[in-house]
Every structure is written in structure tokens, then in C-alpha cells.
file query-v1.tsv (TSV, N, CA and C atoms)
chain	number	residue	atom	x	y	z
A	45	MET	N	156.48	43.77	5.97
A	45	MET	CA	155.57	44.53	6.80
A	45	MET	C	155.24	45.85	6.09
A	46	SER	N	153.95	46.16	5.97
A	46	SER	CA	153.55	47.40	5.31
A	46	SER	C	153.06	48.40	6.35
A	47	ARG	N	153.36	49.65	6.10
A	47	ARG	CA	152.89	50.71	6.99
A	47	ARG	C	151.50	51.12	6.57
A	48	GLN	N	150.64	51.27	7.54
A	48	GLN	CA	149.28	51.69	7.27
A	48	GLN	C	149.26	53.19	6.98
A	49	ARG	N	148.56	53.57	5.93
A	49	ARG	CA	148.43	54.99	5.61
A	49	ARG	C	147.53	55.66	6.61
A	50	THR	N	147.89	56.86	6.98
A	50	THR	CA	147.09	57.62	7.93
A	50	THR	C	146.67	58.94	7.32
A	51	VAL	N	145.64	59.51	7.88
A	51	VAL	CA	145.17	60.84	7.49
A	51	VAL	C	145.09	61.70	8.74
A	52	MET	N	145.13	62.98	8.55
A	52	MET	CA	145.03	63.92	9.64
A	52	MET	C	143.56	64.07	10.03
A	53	ALA	N	143.30	64.11	11.31
A	53	ALA	CA	141.94	64.32	11.81
A	53	ALA	C	141.99	65.49	12.79
A	54	TRP	N	140.89	66.19	12.90
A	54	TRP	CA	140.80	67.41	13.69
A	54	TRP	C	139.62	67.30	14.63
A	55	ASN	N	139.85	67.57	15.90
A	55	ASN	CA	138.78	67.57	16.89
A	55	ASN	C	138.48	69.02	17.24
A	56	GLU	N	137.38	69.52	16.73
A	56	GLU	CA	137.06	70.94	16.91
A	56	GLU	C	136.78	71.30	18.36
A	57	ASP	N	136.44	70.32	19.19
A	57	ASP	CA	136.19	70.62	20.61
A	57	ASP	C	137.46	71.05	21.34
A	58	TYR	N	138.61	70.60	20.87
A	58	TYR	CA	139.88	70.95	21.51
A	58	TYR	C	140.59	72.12	20.84
A	59	CYS	N	140.16	72.49	19.64
A	59	CYS	CA	140.85	73.52	18.86
A	59	CYS	C	140.59	74.91	19.44
A	60	ILE	N	141.67	75.69	19.59
A	60	ILE	CA	141.55	77.08	20.06
A	60	ILE	C	141.77	78.07	18.91
A	61	HIS	N	141.83	77.56	17.69
A	61	HIS	CA	141.94	78.37	16.48
A	61	HIS	C	143.17	79.27	16.48
A	62	CYS	N	144.29	78.72	16.94
A	62	CYS	CA	145.54	79.48	16.95
A	62	CYS	C	146.23	79.43	15.59
A	63	HIS	N	145.86	78.48	14.75
A	63	HIS	CA	146.41	78.29	13.40
A	63	HIS	C	147.88	77.94	13.39
A	64	GLY	N	148.39	77.44	14.51
A	64	GLY	CA	149.77	76.97	14.55
A	64	GLY	C	149.99	75.80	13.61
A	65	CYS	N	148.98	74.96	13.48
A	65	CYS	CA	149.11	73.79	12.61
A	65	CYS	C	149.23	74.21	11.14
A	66	THR	N	148.42	75.17	10.72
A	66	THR	CA	148.47	75.57	9.32
A	66	THR	C	149.75	76.32	8.99
A	67	SER	N	150.23	77.12	9.93
A	67	SER	CA	151.47	77.86	9.66
A	67	SER	C	152.70	76.96	9.72
A	68	SER	N	152.59	75.82	10.40
A	68	SER	CA	153.74	74.91	10.48
A	68	SER	C	153.78	73.91	9.33
A	69	CYS	N	152.72	73.83	8.56
A	69	CYS	CA	152.64	72.86	7.46
A	69	CYS	C	153.49	73.33	6.28
A	70	VAL	N	154.57	72.62	6.02
A	70	VAL	CA	155.52	73.04	4.99
A	70	VAL	C	155.00	72.85	3.58
A	71	ARG	N	153.98	72.02	3.40
A	71	ARG	CA	153.45	71.75	2.07
A	71	ARG	C	152.07	72.36	1.82
A	72	GLY	N	151.51	73.04	2.82
A	72	GLY	CA	150.18	73.64	2.63
A	72	GLY	C	149.06	72.62	2.62
A	73	ALA	N	149.26	71.49	3.27
A	73	ALA	CA	148.24	70.45	3.29
A	73	ALA	C	147.10	70.80	4.24
A	74	LEU	N	147.36	71.62	5.23
A	74	LEU	CA	146.32	72.08	6.16
A	74	LEU	C	146.05	73.55	5.90
A	75	THR	N	144.79	73.87	5.69
A	75	THR	CA	144.39	75.26	5.47
A	75	THR	C	143.12	75.53	6.26
A	76	VAL	N	142.89	76.78	6.57
A	76	VAL	CA	141.67	77.17	7.27
A	76	VAL	C	140.56	77.34	6.24
A	77	ASN	N	139.43	76.72	6.50
A	77	ASN	CA	138.26	76.91	5.65
A	77	ASN	C	137.44	78.02	6.29
A	78	HIS	N	137.47	79.19	5.69
A	78	HIS	CA	136.82	80.36	6.28
A	78	HIS	C	135.29	80.30	6.18
A	79	THR	N	134.77	79.38	5.39
A	79	THR	CA	133.32	79.23	5.29
A	79	THR	C	132.74	78.68	6.59
A	80	TYR	N	133.38	77.65	7.15
A	80	TYR	CA	132.85	77.07	8.38
A	80	TYR	C	133.82	77.14	9.55
A	81	GLY	N	134.99	77.71	9.34
A	81	GLY	CA	135.94	77.92	10.42
A	81	GLY	C	136.78	76.73	10.80
A	82	GLY	N	136.63	75.64	10.09
A	82	GLY	CA	137.39	74.43	10.38
A	82	GLY	C	138.64	74.32	9.53
A	83	LEU	N	139.22	73.15	9.55
A	83	LEU	CA	140.42	72.89	8.76
A	83	LEU	C	140.09	72.04	7.55
A	84	ASP	N	140.78	72.32	6.46
A	84	ASP	CA	140.74	71.46	5.29
A	84	ASP	C	142.08	70.76	5.20
A	85	TYR	N	142.06	69.49	4.86
A	85	TYR	CA	143.26	68.67	4.79
A	85	TYR	C	143.36	68.06	3.41
A	86	ASP	N	144.49	68.31	2.73
A	86	ASP	CA	144.73	67.75	1.39
A	86	ASP	C	145.76	66.64	1.53
A	87	ILE	N	145.30	65.40	1.51
A	87	ILE	CA	146.18	64.25	1.71
A	87	ILE	C	147.25	64.16	0.62
A	88	ARG	N	146.96	64.71	-0.57
A	88	ARG	CA	147.94	64.65	-1.67
A	88	ARG	C	149.15	65.52	-1.40
A	89	LYS	N	148.99	66.56	-0.59
A	89	LYS	CA	150.11	67.45	-0.28
A	89	LYS	C	150.86	67.04	0.98
A	90	CYS	N	150.23	66.27	1.84
A	90	CYS	CA	150.80	65.93	3.14
A	90	CYS	C	151.97	64.94	2.98
A	91	ILE	N	153.09	65.27	3.63
A	91	ILE	CA	154.25	64.37	3.62
A	91	ILE	C	154.43	63.67	4.97
A	92	ARG	N	153.46	63.83	5.85
A	92	ARG	CA	153.43	63.18	7.16
A	92	ARG	C	154.68	63.46	7.99
A	93	CYS	N	155.07	64.72	7.99
A	93	CYS	CA	156.27	65.13	8.74
A	93	CYS	C	155.99	65.30	10.22
A	94	GLY	N	154.72	65.54	10.58
A	94	GLY	CA	154.34	65.69	11.98
A	94	GLY	C	154.47	67.10	12.54
A	95	ASN	N	154.87	68.06	11.71
A	95	ASN	CA	155.01	69.44	12.21
A	95	ASN	C	153.70	69.96	12.78
A	96	CYS	N	152.60	69.68	12.13
A	96	CYS	CA	151.31	70.19	12.59
A	96	CYS	C	150.93	69.57	13.94
A	97	LEU	N	151.21	68.29	14.11
A	97	LEU	CA	150.91	67.61	15.38
A	97	LEU	C	151.69	68.24	16.53
A	98	ARG	N	152.96	68.52	16.27
A	98	ARG	CA	153.80	69.13	17.31
A	98	ARG	C	153.42	70.58	17.57
A	99	ALA	N	152.89	71.28	16.57
A	99	ALA	CA	152.54	72.69	16.72
A	99	ALA	C	151.22	72.90	17.46
A	100	CYS	N	150.40	71.89	17.54
A	100	CYS	CA	149.08	72.03	18.16
A	100	CYS	C	149.20	71.97	19.68
A	101	PRO	N	148.90	73.07	20.37
A	101	PRO	CA	149.08	73.10	21.82
A	101	PRO	C	148.02	72.34	22.61
A	102	THR	N	146.92	71.99	21.96
A	102	THR	CA	145.82	71.35	22.68
A	102	THR	C	145.57	69.90	22.28
A	103	GLY	N	146.31	69.40	21.32
A	103	GLY	CA	146.09	68.03	20.86
A	103	GLY	C	144.84	67.86	20.01
A	104	ALA	N	144.39	68.93	19.39
A	104	ALA	CA	143.21	68.86	18.55
A	104	ALA	C	143.45	68.06	17.27
A	105	LEU	N	144.70	67.95	16.88
A	105	LEU	CA	145.04	67.17	15.68
A	105	LEU	C	145.54	65.80	16.10
A	106	HIS	N	145.17	64.81	15.31
A	106	HIS	CA	145.67	63.45	15.52
A	106	HIS	C	145.59	62.72	14.18
A	107	THR	N	146.18	61.57	14.11
A	107	THR	CA	146.11	60.79	12.88
A	107	THR	C	145.15	59.63	13.08
A	108	GLU	N	144.53	59.23	11.97
A	108	GLU	CA	143.63	58.09	11.93
A	108	GLU	C	143.98	57.26	10.72
A	109	PRO	N	143.63	55.97	10.74
A	109	PRO	CA	143.85	55.15	9.55
A	109	PRO	C	143.11	55.75	8.35
A	110	ALA	N	143.75	55.73	7.20
A	110	ALA	CA	143.12	56.24	5.98
A	110	ALA	C	142.01	55.30	5.56
A	111	PRO	N	140.90	55.86	5.04
A	111	PRO	CA	139.83	54.98	4.56
A	111	PRO	C	140.32	54.15	3.38
A	112	GLU	N	139.81	52.95	3.29
A	112	GLU	CA	140.15	52.08	2.16
A	112	GLU	C	139.60	52.68	0.88
A	113	SER	N	140.43	52.67	-0.19
A	113	SER	CA	139.95	53.25	-1.45
A	113	SER	C	139.61	52.18	-2.45

call {"tool": "encode", "arguments": {"input": "query-v1.tsv", "output": "C-alpha cells"}}
result
Amino acid sequence: MSRQRTVMAWNEDYCIHCHGCTSSCVRGALTVNHTYGGLDYDIRKCIRCGNCLRACPTGALHTEPAPES
């Protein structure tokens, strides 16, 4: 049985811009993009620890299946 790879997804409608997710990310995979105010996600840095998911008070972050490469 193989585990499906997931990526982090962000729903801006639920985000209150508290930046709890970015400050909880131990690898710096989530950063604030100050150009458009959203989040940037670097899948190469993410270790899928779930800290950002637990830190988000509104559920704006969730995981989705990774696109096929």
C-alpha cells in the first residue's frame, strides 16, 4: 500500500492573517508573500508534520492530493 502525496492548500476566505501557520512551520515551507498577501508553500521543505494545520484557528489550511508529475 502506498501513501498518496499531499500538498498544503490555503483558503483565503477563511484566513484571518494571524500567521500562526508560518511561525509554526519548523522548516520554513510556508511563508507570507507580501506582494499579494497570500501564502507561498515550498513542497521541497515540507516534512508534513502538521504543525501548520494545528496552528490555524480557522481551518484555512488543508491538504490536497499532490498533482501528478

call {"tool": "closest_residue", "arguments": {"input": "query-v1.tsv", "among": "A:Gly64, A:His78, A:Val70, A:Asp86", "to": "A:Pro101", "atoms": "only N, CA and C atoms"}}
result
A:Gly64

call {"tool": "residues_around", "arguments": {"input": "query-v1.tsv", "residues": "A:Met52", "least_positions_apart": "2", "cutoff": "6 Å", "atoms": "only N, CA and C atoms", "output": "list in words"}}
result
Thr50, Trp54, His106, Thr107 and Glu108 of chain A

call {"tool": "closest_residue", "arguments": {"input": "query-v1.tsv", "among": "A:Gly94, A:Cys100, A:Pro111, A:Leu105", "to": "A:Ala53", "atoms": "only N, CA and C atoms"}}
result
A:Leu105

call {"tool": "atom_distance", "arguments": {"input": "query-v1.tsv", "atom1": "atom CA of A:Arg92", "atom2": "atom C of A:Cys62"}}
result
19.7 Å

call {"tool": "residues_near_point", "arguments": {"input": "query-v1.tsv", "point": "(153.9, 69.6, 4.7)", "cutoff": "6.5 Å", "atoms": "all atoms listed in the file", "output": "list in words"}}
result
Ser68, Cys69, Val70, Arg71, Gly72, Ala73, Lys89, Cys90, Ile91, Arg92 and Cys93 of chain A

call {"tool": "atom_distance", "arguments": {"input": "query-v1.tsv", "atom1": "atom CA of A:Leu97", "atom2": "atom N of A:Ile60"}}
result
13.0 Å

call {"tool": "atom_distance", "arguments": {"input": "query-v1.tsv", "atom1": "atom N of A:Thr102", "atom2": "atom C of A:Gly82"}}
result
15.1 Å

call {"tool": "closest_residue", "arguments": {"input": "query-v1.tsv", "among": "A:Cys96, A:Val76, A:Arg88, A:Glu112", "to": "A:His61", "atoms": "only C-alpha atoms"}}
result
A:Val76
